[in-house]
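**Student:** What follows is the file protein.txt, containing compact mmCIF, C-alpha atoms:
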```
# COMPACT_ATOMS: atom_id res chain seq x y z
CA MET A 7 -104.94 -219.78 55.82
CA PRO A 8 -104.10 -223.55 56.13
CA SER A 9 -107.29 -224.39 54.22
CA ILE A 10 -106.32 -222.01 51.42
CA LYS A 11 -102.85 -223.56 51.25
CA LEU A 12 -104.40 -227.03 51.06
CA SER A 13 -106.76 -225.84 48.35
CA GLY A 14 -103.81 -224.41 46.47
CA LEU A 15 -101.96 -227.73 46.72
CA LEU A 16 -104.95 -229.67 45.43
CA LEU A 17 -105.33 -227.16 42.63
CA ALA A 18 -101.69 -227.44 41.65
CA GLN A 19 -101.93 -231.24 41.57
CA SER A 20 -105.00 -231.06 39.39
CA LEU A 21 -103.35 -228.62 37.03
CA LEU A 22 -100.31 -230.86 36.75
CA SER A 23 -102.66 -233.57 35.53
CA LEU A 24 -104.18 -231.11 33.08
CA GLY A 25 -100.76 -230.09 31.84
CA ALA A 26 -99.84 -233.70 31.20
CA ASN A 27 -102.89 -233.93 28.98
CA ALA A 28 -101.44 -231.19 26.80
CA LEU A 29 -98.55 -233.52 25.97
CA PRO A 30 -98.79 -236.64 23.78
CA SER A 31 -100.91 -239.39 25.33
CA ALA A 32 -99.50 -242.56 26.84
CA SER A 33 -100.09 -244.33 23.55
CA ARG A 34 -97.56 -241.98 21.96
CA ILE A 35 -94.87 -241.64 24.60
CA ASN A 36 -94.39 -243.75 27.75
CA ASN A 37 -93.29 -242.79 31.26
CA ASP A 38 -89.73 -244.02 30.72
CA ASP A 39 -89.46 -241.70 27.72
CA VAL A 40 -90.67 -238.78 29.83
CA ARG A 41 -88.19 -239.50 32.62
CA ASP A 42 -85.40 -239.86 30.07
CA LEU A 43 -86.24 -236.48 28.56
CA GLY A 44 -86.10 -234.96 32.01
CA ARG A 45 -82.68 -236.46 32.73
CA ARG A 46 -81.21 -235.21 29.47
CA GLY A 47 -82.70 -231.74 29.82
CA LEU A 48 -82.32 -229.53 26.77
CA GLY A 49 -80.30 -232.13 24.94
CA PHE A 50 -83.17 -234.42 23.97
CA ASP A 51 -84.25 -235.13 20.39
CA THR A 52 -86.91 -232.65 19.36
CA ASP A 53 -87.94 -234.54 16.21
CA THR A 54 -91.50 -235.79 15.90
CA PRO A 55 -91.77 -239.24 17.57
CA ASP A 56 -91.72 -242.17 15.14
CA ILE A 57 -94.99 -243.50 16.53
CA LEU A 58 -96.65 -240.36 15.19
CA ARG A 59 -94.81 -240.09 11.88
CA PHE A 60 -95.44 -243.71 10.94
CA SER A 61 -99.16 -243.64 11.75
CA GLU A 62 -101.54 -243.84 8.78
CA LEU A 63 -103.39 -240.89 10.34
CA TYR A 64 -100.27 -238.69 10.29
CA GLY A 65 -99.34 -236.29 7.52
CA ALA A 66 -100.86 -233.28 5.79
CA PRO A 67 -100.59 -232.17 2.15
CA GLU A 68 -97.80 -229.78 1.28
CA ASN A 69 -98.76 -226.12 1.05
CA ASN A 70 -98.93 -225.64 -2.73
CA PHE A 71 -99.29 -221.94 -3.49
CA ASP A 72 -99.56 -222.72 -7.20
CA CYS A 73 -102.83 -224.57 -6.57
CA LYS A 74 -105.77 -223.25 -8.60
CA SER A 75 -109.45 -223.48 -7.68
CA ASP A 76 -112.68 -221.59 -8.27
CA ARG A 77 -113.25 -221.69 -4.50
CA ASN A 78 -111.58 -219.68 -1.76
CA PRO A 79 -108.34 -221.18 -0.43
CA VAL A 80 -108.89 -222.74 2.99
CA VAL A 81 -106.57 -222.28 5.98
CA LEU A 82 -106.91 -225.09 8.54
CA LEU A 83 -106.03 -224.52 12.19
CA HIS A 84 -105.29 -227.46 14.50
CA GLY A 85 -106.26 -227.74 18.16
CA LEU A 86 -104.38 -227.62 21.45
CA SER A 87 -101.27 -229.87 21.62
CA ALA A 88 -101.70 -230.95 17.98
CA ASN A 89 -99.91 -229.78 14.82
CA ARG A 90 -100.52 -229.41 11.08
CA GLN A 91 -99.70 -233.09 10.49
CA VAL A 92 -102.45 -234.35 12.81
CA ASP A 93 -105.93 -233.16 13.80
CA LEU A 94 -107.37 -231.61 10.61
CA ASN A 95 -104.91 -233.22 8.20
CA MET A 96 -107.36 -235.91 7.05
CA LEU A 97 -109.99 -233.26 6.35
CA GLN A 98 -107.35 -231.33 4.42
CA TRP A 99 -106.75 -234.30 2.12
CA GLU A 100 -110.50 -234.68 1.60
CA LEU A 101 -110.94 -231.00 0.74
CA ASN A 102 -108.11 -231.34 -1.78
CA ARG A 103 -109.96 -234.24 -3.40
CA ARG A 104 -113.04 -232.02 -3.61
CA GLY A 105 -111.11 -229.34 -5.50
CA TYR A 106 -110.12 -226.98 -2.68
CA CYS A 107 -106.67 -225.46 -2.26
CA THR A 108 -105.81 -225.93 1.40
CA PHE A 109 -103.04 -224.62 3.62
CA SER A 110 -101.94 -225.25 7.18
CA GLU A 111 -99.11 -224.54 9.60
CA THR A 112 -98.19 -225.51 13.13
CA TYR A 113 -98.74 -222.50 15.39
CA GLY A 114 -98.05 -221.89 19.06
CA ALA A 115 -95.27 -224.47 19.55
CA TRP A 116 -92.27 -224.02 21.83
CA SER A 117 -88.94 -224.50 20.05
CA LEU A 118 -88.03 -227.32 22.44
CA VAL A 119 -90.93 -229.48 21.24
CA PRO A 120 -91.92 -228.06 17.85
CA TRP A 121 -94.35 -230.89 17.15
CA ILE A 122 -96.67 -229.88 20.02
CA GLY A 123 -98.57 -226.83 18.84
CA GLY A 124 -101.09 -224.46 20.34
CA LEU A 125 -99.35 -224.05 23.72
CA ARG A 126 -97.95 -220.52 23.53
CA PRO A 127 -100.01 -217.44 24.51
CA MET A 128 -102.88 -217.27 22.06
CA SER A 129 -102.43 -213.55 21.41
CA GLU A 130 -98.92 -214.34 20.10
CA SER A 131 -100.19 -217.22 17.98
CA ALA A 132 -102.92 -214.97 16.59
CA LYS A 133 -100.28 -212.72 15.05
CA ASP A 134 -98.54 -215.69 13.43
CA ILE A 135 -101.83 -217.02 12.09
CA ALA A 136 -102.74 -213.61 10.70
CA SER A 137 -99.42 -213.45 8.84
CA PHE A 138 -100.04 -216.92 7.41
CA VAL A 139 -103.57 -216.00 6.26
CA LYS A 140 -102.16 -212.92 4.50
CA GLU A 141 -99.42 -215.05 2.93
CA VAL A 142 -102.00 -217.51 1.58
CA LYS A 143 -104.06 -214.68 0.08
CA ASP A 144 -101.07 -212.93 -1.46
CA LYS A 145 -99.37 -216.02 -2.88
CA THR A 146 -102.55 -217.57 -4.29
CA GLY A 147 -103.92 -214.28 -5.62
CA ALA A 148 -107.31 -215.01 -4.09
CA GLU A 149 -109.73 -212.24 -3.18
CA LYS A 150 -110.91 -214.00 -0.03
CA VAL A 151 -109.69 -216.78 2.26
CA ASP A 152 -111.76 -219.24 4.32
CA ILE A 153 -110.67 -220.56 7.73
CA VAL A 154 -111.58 -223.89 9.36
CA GLY A 155 -110.42 -224.57 12.92
CA HIS A 156 -110.89 -227.29 15.51
CA SER A 157 -110.98 -226.66 19.27
CA GLU A 158 -108.32 -224.00 19.99
CA GLY A 159 -108.00 -223.64 16.22
CA GLY A 160 -111.73 -222.91 16.13
CA VAL A 161 -111.24 -220.20 18.72
CA GLN A 162 -108.40 -218.72 16.68
CA ALA A 163 -110.48 -218.90 13.50
CA ILE A 164 -112.88 -216.44 15.13
CA TYR A 165 -110.39 -214.52 17.28
CA VAL A 166 -107.89 -213.65 14.55
CA PRO A 167 -110.35 -211.77 12.28
CA MET A 168 -111.68 -210.01 15.39
CA THR A 169 -108.31 -208.78 16.66
CA GLN A 170 -105.74 -208.69 13.85
CA ASP A 171 -105.67 -205.72 11.49
CA GLY A 172 -106.72 -206.39 7.92
CA ILE A 173 -107.79 -210.02 8.43
CA SER A 174 -111.57 -209.68 8.59
CA ASP A 175 -111.46 -207.85 5.25
CA ILE A 176 -109.86 -210.80 3.47
CA VAL A 177 -111.82 -213.62 5.16
CA GLU A 178 -115.21 -214.83 3.96
CA HIS A 179 -116.19 -218.13 5.61
CA VAL A 180 -115.13 -219.16 9.11
CA VAL A 181 -115.98 -222.65 10.37
CA ALA A 182 -115.21 -223.39 14.02
CA LEU A 183 -115.49 -226.92 15.44
CA GLY A 184 -116.18 -226.96 19.19
CA PRO A 185 -114.52 -223.62 20.02
CA ALA A 186 -114.31 -222.54 23.68
CA ILE A 187 -115.63 -219.02 23.20
CA HIS A 188 -117.23 -218.62 26.63
CA GLY A 189 -114.68 -220.27 28.92
CA ALA A 190 -113.25 -223.78 28.67
CA LYS A 191 -114.04 -226.05 31.63
CA TYR A 192 -111.47 -228.82 31.00
CA PHE A 193 -113.76 -231.56 32.32
CA GLY A 194 -114.48 -229.47 35.42
CA PHE A 195 -110.86 -228.70 36.34
CA THR A 196 -111.54 -224.98 36.21
CA ASP A 197 -114.03 -225.31 39.09
CA LEU A 198 -111.00 -226.02 41.28
CA TRP A 199 -109.38 -222.80 40.15
CA TYR A 200 -111.86 -220.83 42.24
CA ILE A 201 -111.74 -222.90 45.45
CA GLY A 202 -109.83 -220.15 47.24
CA GLY A 203 -111.24 -217.23 45.26
CA ASN A 204 -108.78 -214.85 43.65
CA PHE A 205 -105.86 -216.52 45.41
CA THR A 206 -106.30 -219.92 43.74
CA ARG A 207 -107.37 -218.36 40.44
CA ALA A 208 -104.07 -216.44 40.32
CA LEU A 209 -102.22 -219.61 41.33
CA ALA A 210 -103.93 -221.50 38.51
CA LYS A 211 -102.53 -219.07 35.96
CA LYS A 212 -99.00 -219.40 37.38
CA VAL A 213 -99.16 -223.20 37.41
CA VAL A 214 -100.55 -223.50 33.89
CA ASP A 215 -97.95 -221.05 32.57
CA ALA A 216 -95.22 -222.99 34.37
CA LEU A 217 -96.45 -226.17 32.69
CA GLY A 218 -95.85 -224.51 29.35
CA CYS A 219 -99.47 -224.00 28.34
CA PRO A 220 -100.45 -220.33 28.54
CA ALA A 221 -103.10 -221.11 25.91
CA CYS A 222 -104.87 -223.38 28.42
CA GLU A 223 -105.24 -220.39 30.72
CA ASP A 224 -106.20 -218.06 27.86
CA MET A 225 -109.33 -220.05 27.00
CA ALA A 226 -110.51 -220.64 30.58
CA THR A 227 -113.03 -218.43 32.35
CA ASP A 228 -111.35 -215.09 33.16
CA GLY A 229 -108.47 -215.97 30.82
CA GLY A 230 -107.14 -213.46 28.33
CA ILE A 231 -108.96 -214.71 25.23
CA TYR A 232 -112.17 -215.33 27.17
CA ASN A 233 -112.12 -211.72 28.37
CA ASP A 234 -111.33 -210.40 24.88
CA PHE A 235 -114.46 -212.11 23.55
CA LYS A 236 -116.50 -210.98 26.55
CA ASN A 237 -115.49 -207.35 26.10
CA ALA A 238 -115.51 -207.27 22.32
CA GLY A 239 -119.02 -205.94 21.90
CA LYS A 240 -119.26 -207.86 18.63
CA ILE A 241 -117.38 -211.09 17.96
CA VAL A 242 -118.36 -211.70 14.34
CA GLN A 243 -116.82 -209.11 12.04
CA PRO A 244 -118.67 -207.44 9.14
CA GLY A 245 -118.50 -209.51 5.97
CA ASN A 246 -117.49 -212.70 7.79
CA LYS A 247 -119.83 -215.70 7.64
CA VAL A 248 -119.22 -217.74 10.78
CA THR A 249 -120.48 -221.28 11.32
CA VAL A 250 -120.00 -222.86 14.74
CA ILE A 251 -120.33 -226.66 14.65
CA MET A 252 -121.04 -228.34 17.99
CA SER A 253 -122.03 -231.72 19.38
CA ASN A 254 -124.43 -232.37 22.24
CA SER A 255 -122.09 -235.24 23.18
CA ASP A 256 -119.06 -232.97 23.58
CA THR A 257 -118.13 -233.21 27.27
CA LEU A 258 -115.01 -231.05 26.96
CA VAL A 259 -116.51 -227.99 25.25
CA SER A 260 -120.29 -228.03 25.51
CA PRO A 261 -122.48 -226.16 23.00
CA ASP A 262 -123.29 -223.40 25.52
CA VAL A 263 -119.56 -222.61 25.67
CA SER A 264 -119.26 -222.55 21.87
CA ARG A 265 -122.32 -220.87 20.41
CA ILE A 266 -122.28 -217.29 19.17
CA ASP A 267 -125.65 -215.58 19.11
CA GLU A 268 -124.90 -212.68 16.80
CA GLU A 269 -125.74 -211.57 13.30
CA GLY A 270 -123.41 -213.29 10.88
CA ALA A 271 -123.09 -216.45 12.99
CA THR A 272 -124.86 -219.77 12.40
CA ASN A 273 -124.88 -222.32 15.23
CA VAL A 274 -125.06 -225.91 14.02
CA ILE A 275 -125.58 -228.97 16.22
CA VAL A 276 -124.35 -232.22 14.63
CA GLN A 277 -127.30 -234.20 15.99
CA ASP A 278 -129.83 -231.90 14.30
CA THR A 279 -128.62 -233.32 10.95
CA CYS A 280 -127.34 -236.70 12.10
CA PRO A 281 -129.29 -237.73 15.25
CA GLU A 282 -127.46 -241.05 15.69
CA ASP A 283 -124.00 -239.49 15.59
CA LYS A 284 -122.79 -239.04 19.19
CA VAL A 285 -119.40 -237.63 18.21
CA GLY A 286 -117.35 -236.09 21.01
CA HIS A 287 -114.89 -233.21 21.04
CA ALA A 288 -111.82 -234.94 19.61
CA GLY A 289 -113.90 -236.86 17.09
CA LEU A 290 -115.09 -233.65 15.44
CA MET A 291 -111.93 -233.57 13.33
CA TRP A 292 -112.44 -237.01 11.72
CA ASP A 293 -116.22 -237.39 11.64
CA LYS A 294 -117.75 -237.40 8.15
CA SER A 295 -121.05 -236.08 9.49
CA VAL A 296 -119.02 -233.05 10.60
CA TRP A 297 -117.16 -232.91 7.27
CA ARG A 298 -120.57 -232.73 5.60
CA LEU A 299 -121.48 -229.70 7.71
CA ILE A 300 -118.09 -228.07 7.03
CA VAL A 301 -118.45 -228.39 3.26
CA ASN A 302 -122.04 -227.13 3.49
CA ALA A 303 -120.81 -224.05 5.36
CA LEU A 304 -118.00 -223.36 2.88
CA GLU A 305 -120.32 -223.80 -0.11
CA GLU A 306 -123.41 -222.29 1.54
CA ASN A 307 -125.69 -225.20 0.75
CA ASN A 308 -127.31 -228.12 2.57
CA ASP A 309 -126.60 -230.97 0.17
CA ALA A 310 -125.74 -234.31 1.71
CA VAL A 311 -122.13 -234.44 0.53
CA PHE A 312 -121.44 -237.25 3.03
CA GLU A 313 -123.79 -239.74 4.63
CA CYS A 314 -124.26 -239.48 8.38
CA GLU A 315 -122.09 -241.77 10.45
CA LYS A 316 -121.67 -242.70 14.10
CA GLY A 317 -118.55 -240.82 15.06
CA LEU A 318 -115.98 -241.30 17.80
CA VAL A 319 -117.50 -240.58 21.20
CA ILE A 320 -114.33 -238.90 22.46
```
Represent the structure from my file as structure tokens, please.

**Tutor:**
Amino acid sequence: MPSIKLSGLLLAQSLLSLGANALPSASRINNDDVRDLGRRGLGFDTDTPDILRFSELYGAPENNFDCKSDRNPVVLLHGLSANRQVDLNMLQWELNRRGYCTFSETYGAWSLVPWIGGLRPMSESAKDIASFVKEVKDKTGAEKVDIVGHSEGGVQAIYVPMTQDGISDIVEHVVALGPAIHGAKYFGFTDLWYIGGNFTRALAKKVVDALGCPACEDMATDGGIYNDFKNAGKIVQPGNKVTVIMSNSDTLVSPDVSRIDEEGATNVIVQDTCPEDKVGHAGLMWDKSVWRLIVNALEENNDAVFECEKGLVI
């Protein structure tokens, strides 16, 4: 029993580190800020930090439901701990320039920190995303909607049509960047979750939930979303054209965790098109080699809409 307790302590410490990674990085908010938030409790300012709002990489286009295009409207889904103003926002601007009508929202945020999305239970977020996809279809008058998601957003891009009534019927193209379909590893943290068998695995869920990130648990091996995919029988829904874009340099979500080997799914490795691009998981959202593959998937062609580049190895 002492060894199990020690294992549990080590696990909890590791998960605390993981939970901190779900919050803004040190470049965005320093330790004094964190301590100050703790002292003030529920009374702290929940507005987006200035260091984010004033960054040239911050800001997404407004959702313009009067937008007209001969292409399907595109819903973009951000990743874990991001929001609609960061992550895929630069891609959204680029798609607008290419004549697409694009739409995004922040999903899965707690009301206390509304600028940190993707933390709530993913099954809850899936319902919100489904409602948004329906809203985009109804307000634009489009017959079909396309979805592009990064990381957790990539998981949701595939999960929502699979689980939410009426969504697969109105979705045509799904493009998922580095989705954790077969169990996220979190740089090996999840190996610690099984040190003490079922005891530490159950403790892991409690700790992650206590840290405010049920979605982190959902995507891990034996998590809720992982099991939903595992037990689905068929992940890709009839009529949906799914493209999974992965990088061999992704150390957070490796290709074997992302790929879907089913009819209707196309697995694309960045390096097969751009061998010199060693883009990592986070870099998938900004990398123009990846943007090229996204546009190719949406337009069902292989034209070189962007030249290959050497992306961010993060």

**Student:** Taking only C-alpha atoms into account, name the residue in A:Ala186, A:Val142, A:Val154, A:Leu290 that is nearest to Leu101 (chain A).

**Tutor:**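 Of all the options, A:Val154 lies closest to Leu101 (chain A).
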
**Student:** Could you tell me how far CA of Asn237 (chain A) sits from CA of Gly270 (chain A), in Å to one decimal place?

**Tutor:**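 Distance reported for this atom pair: 18.2 Å.
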
**Student:** What is the distance, in Å and to one decimal place, between CA of Val274 (chain A) and CA of Ile251 (chain A)?

**Tutor:** 4.8 Å

**Student:** Mind pulling up the distance from CA of Ser174 (chain A) to CA of Lys145 (chain A)?

**Tutor:**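 Rounded to one decimal, the two atoms are 17.9 Å apart.
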
**Student:** Excluding region 114-129 of chain A and any residue of its chain fewer than 4 positions from it, enumerate the residues within 7 Å of it, using only C-alpha atoms, and give them as a list of chain:residue names.

**Tutor:**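 The residues that qualify are A:Thr52, A:Thr54, A:Gly85, A:Leu86, A:Ser87, A:Ala88, A:Asn89, A:Lys133, A:Gly218, A:Cys219, A:Pro220, A:Ala221, A:Asp224.
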
**Student:** Find, counting all atoms listed in the file, the residue in A:Val161, A:Ala288, A:Val80, A:Ile300 that gets nearest to Cys107 (chain A).

**Tutor:**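 Distance minimum relative to Cys107 (chain A) lands on A:Val80.
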
**Student:** Would you save region 146-199 of chain A from the block above with C-alpha atoms, as a short mmCIF file (atom, residue, chain, number, x, y, z; two decimals), in the first residue's frame?

**Tutor:**
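Once written, result_37.cif looks like this:
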```
data_model
loop_
_atom_site.label_atom_id
_atom_site.label_comp_id
_atom_site.auth_asym_id
_atom_site.auth_seq_id
_atom_site.Cartn_x
_atom_site.Cartn_y
_atom_site.Cartn_z
CA THR A 146 -25.88 31.10 -44.57
CA GLY A 147 -28.43 28.98 -46.45
CA ALA A 148 -25.71 26.53 -47.46
CA GLU A 149 -26.50 22.92 -48.30
CA LYS A 150 -23.35 21.61 -46.64
CA VAL A 151 -20.78 22.84 -44.12
CA ASP A 152 -17.08 21.95 -43.88
CA ILE A 153 -15.19 21.65 -40.58
CA VAL A 154 -11.48 22.23 -39.92
CA GLY A 155 -10.10 21.52 -36.45
CA HIS A 156 -6.70 21.50 -34.78
CA SER A 157 -5.72 19.13 -31.95
CA GLU A 158 -8.79 18.85 -29.68
CA GLY A 159 -10.67 20.76 -32.36
CA GLY A 160 -9.62 18.07 -34.82
CA VAL A 161 -11.02 15.43 -32.51
CA GLN A 162 -14.28 17.37 -32.24
CA ALA A 163 -14.41 17.82 -36.02
CA ILE A 164 -14.68 14.03 -36.30
CA TYR A 165 -16.53 13.33 -33.04
CA VAL A 166 -19.41 15.77 -33.53
CA PRO A 167 -20.68 14.30 -36.83
CA MET A 168 -20.31 10.83 -35.30
CA THR A 169 -22.34 11.54 -32.15
CA GLN A 170 -24.64 14.52 -32.66
CA ASP A 171 -27.97 14.03 -34.41
CA GLY A 172 -28.32 15.61 -37.83
CA ILE A 173 -24.73 16.83 -38.14
CA SER A 174 -23.23 14.21 -40.44
CA ASP A 175 -26.03 14.91 -42.93
CA ILE A 176 -25.05 18.57 -43.28
CA VAL A 177 -21.26 18.15 -43.25
CA GLU A 178 -19.20 17.38 -46.36
CA HIS A 179 -15.47 17.88 -45.73
CA VAL A 180 -13.78 17.35 -42.37
CA VAL A 181 -10.11 18.24 -41.96
CA ALA A 182 -8.46 17.28 -38.67
CA LEU A 183 -4.94 18.46 -37.78
CA GLY A 184 -3.16 16.14 -35.34
CA PRO A 185 -6.28 14.76 -33.63
CA ALA A 186 -5.85 12.37 -30.68
CA ILE A 187 -8.27 9.70 -31.88
CA HIS A 188 -6.56 6.72 -30.27
CA GLY A 189 -5.50 8.09 -26.89
CA ALA A 190 -3.42 11.19 -26.18
CA LYS A 191 -0.10 10.52 -24.42
CA TYR A 192 0.73 14.08 -23.28
CA PHE A 193 4.48 13.60 -23.74
CA GLY A 194 4.31 10.32 -21.81
CA PHE A 195 2.40 11.64 -18.78
CA THR A 196 -0.33 9.08 -19.30
CA ASP A 197 2.16 6.25 -18.69
CA LEU A 198 2.20 7.42 -15.07
CA TRP A 199 -1.56 7.10 -14.88
#
```
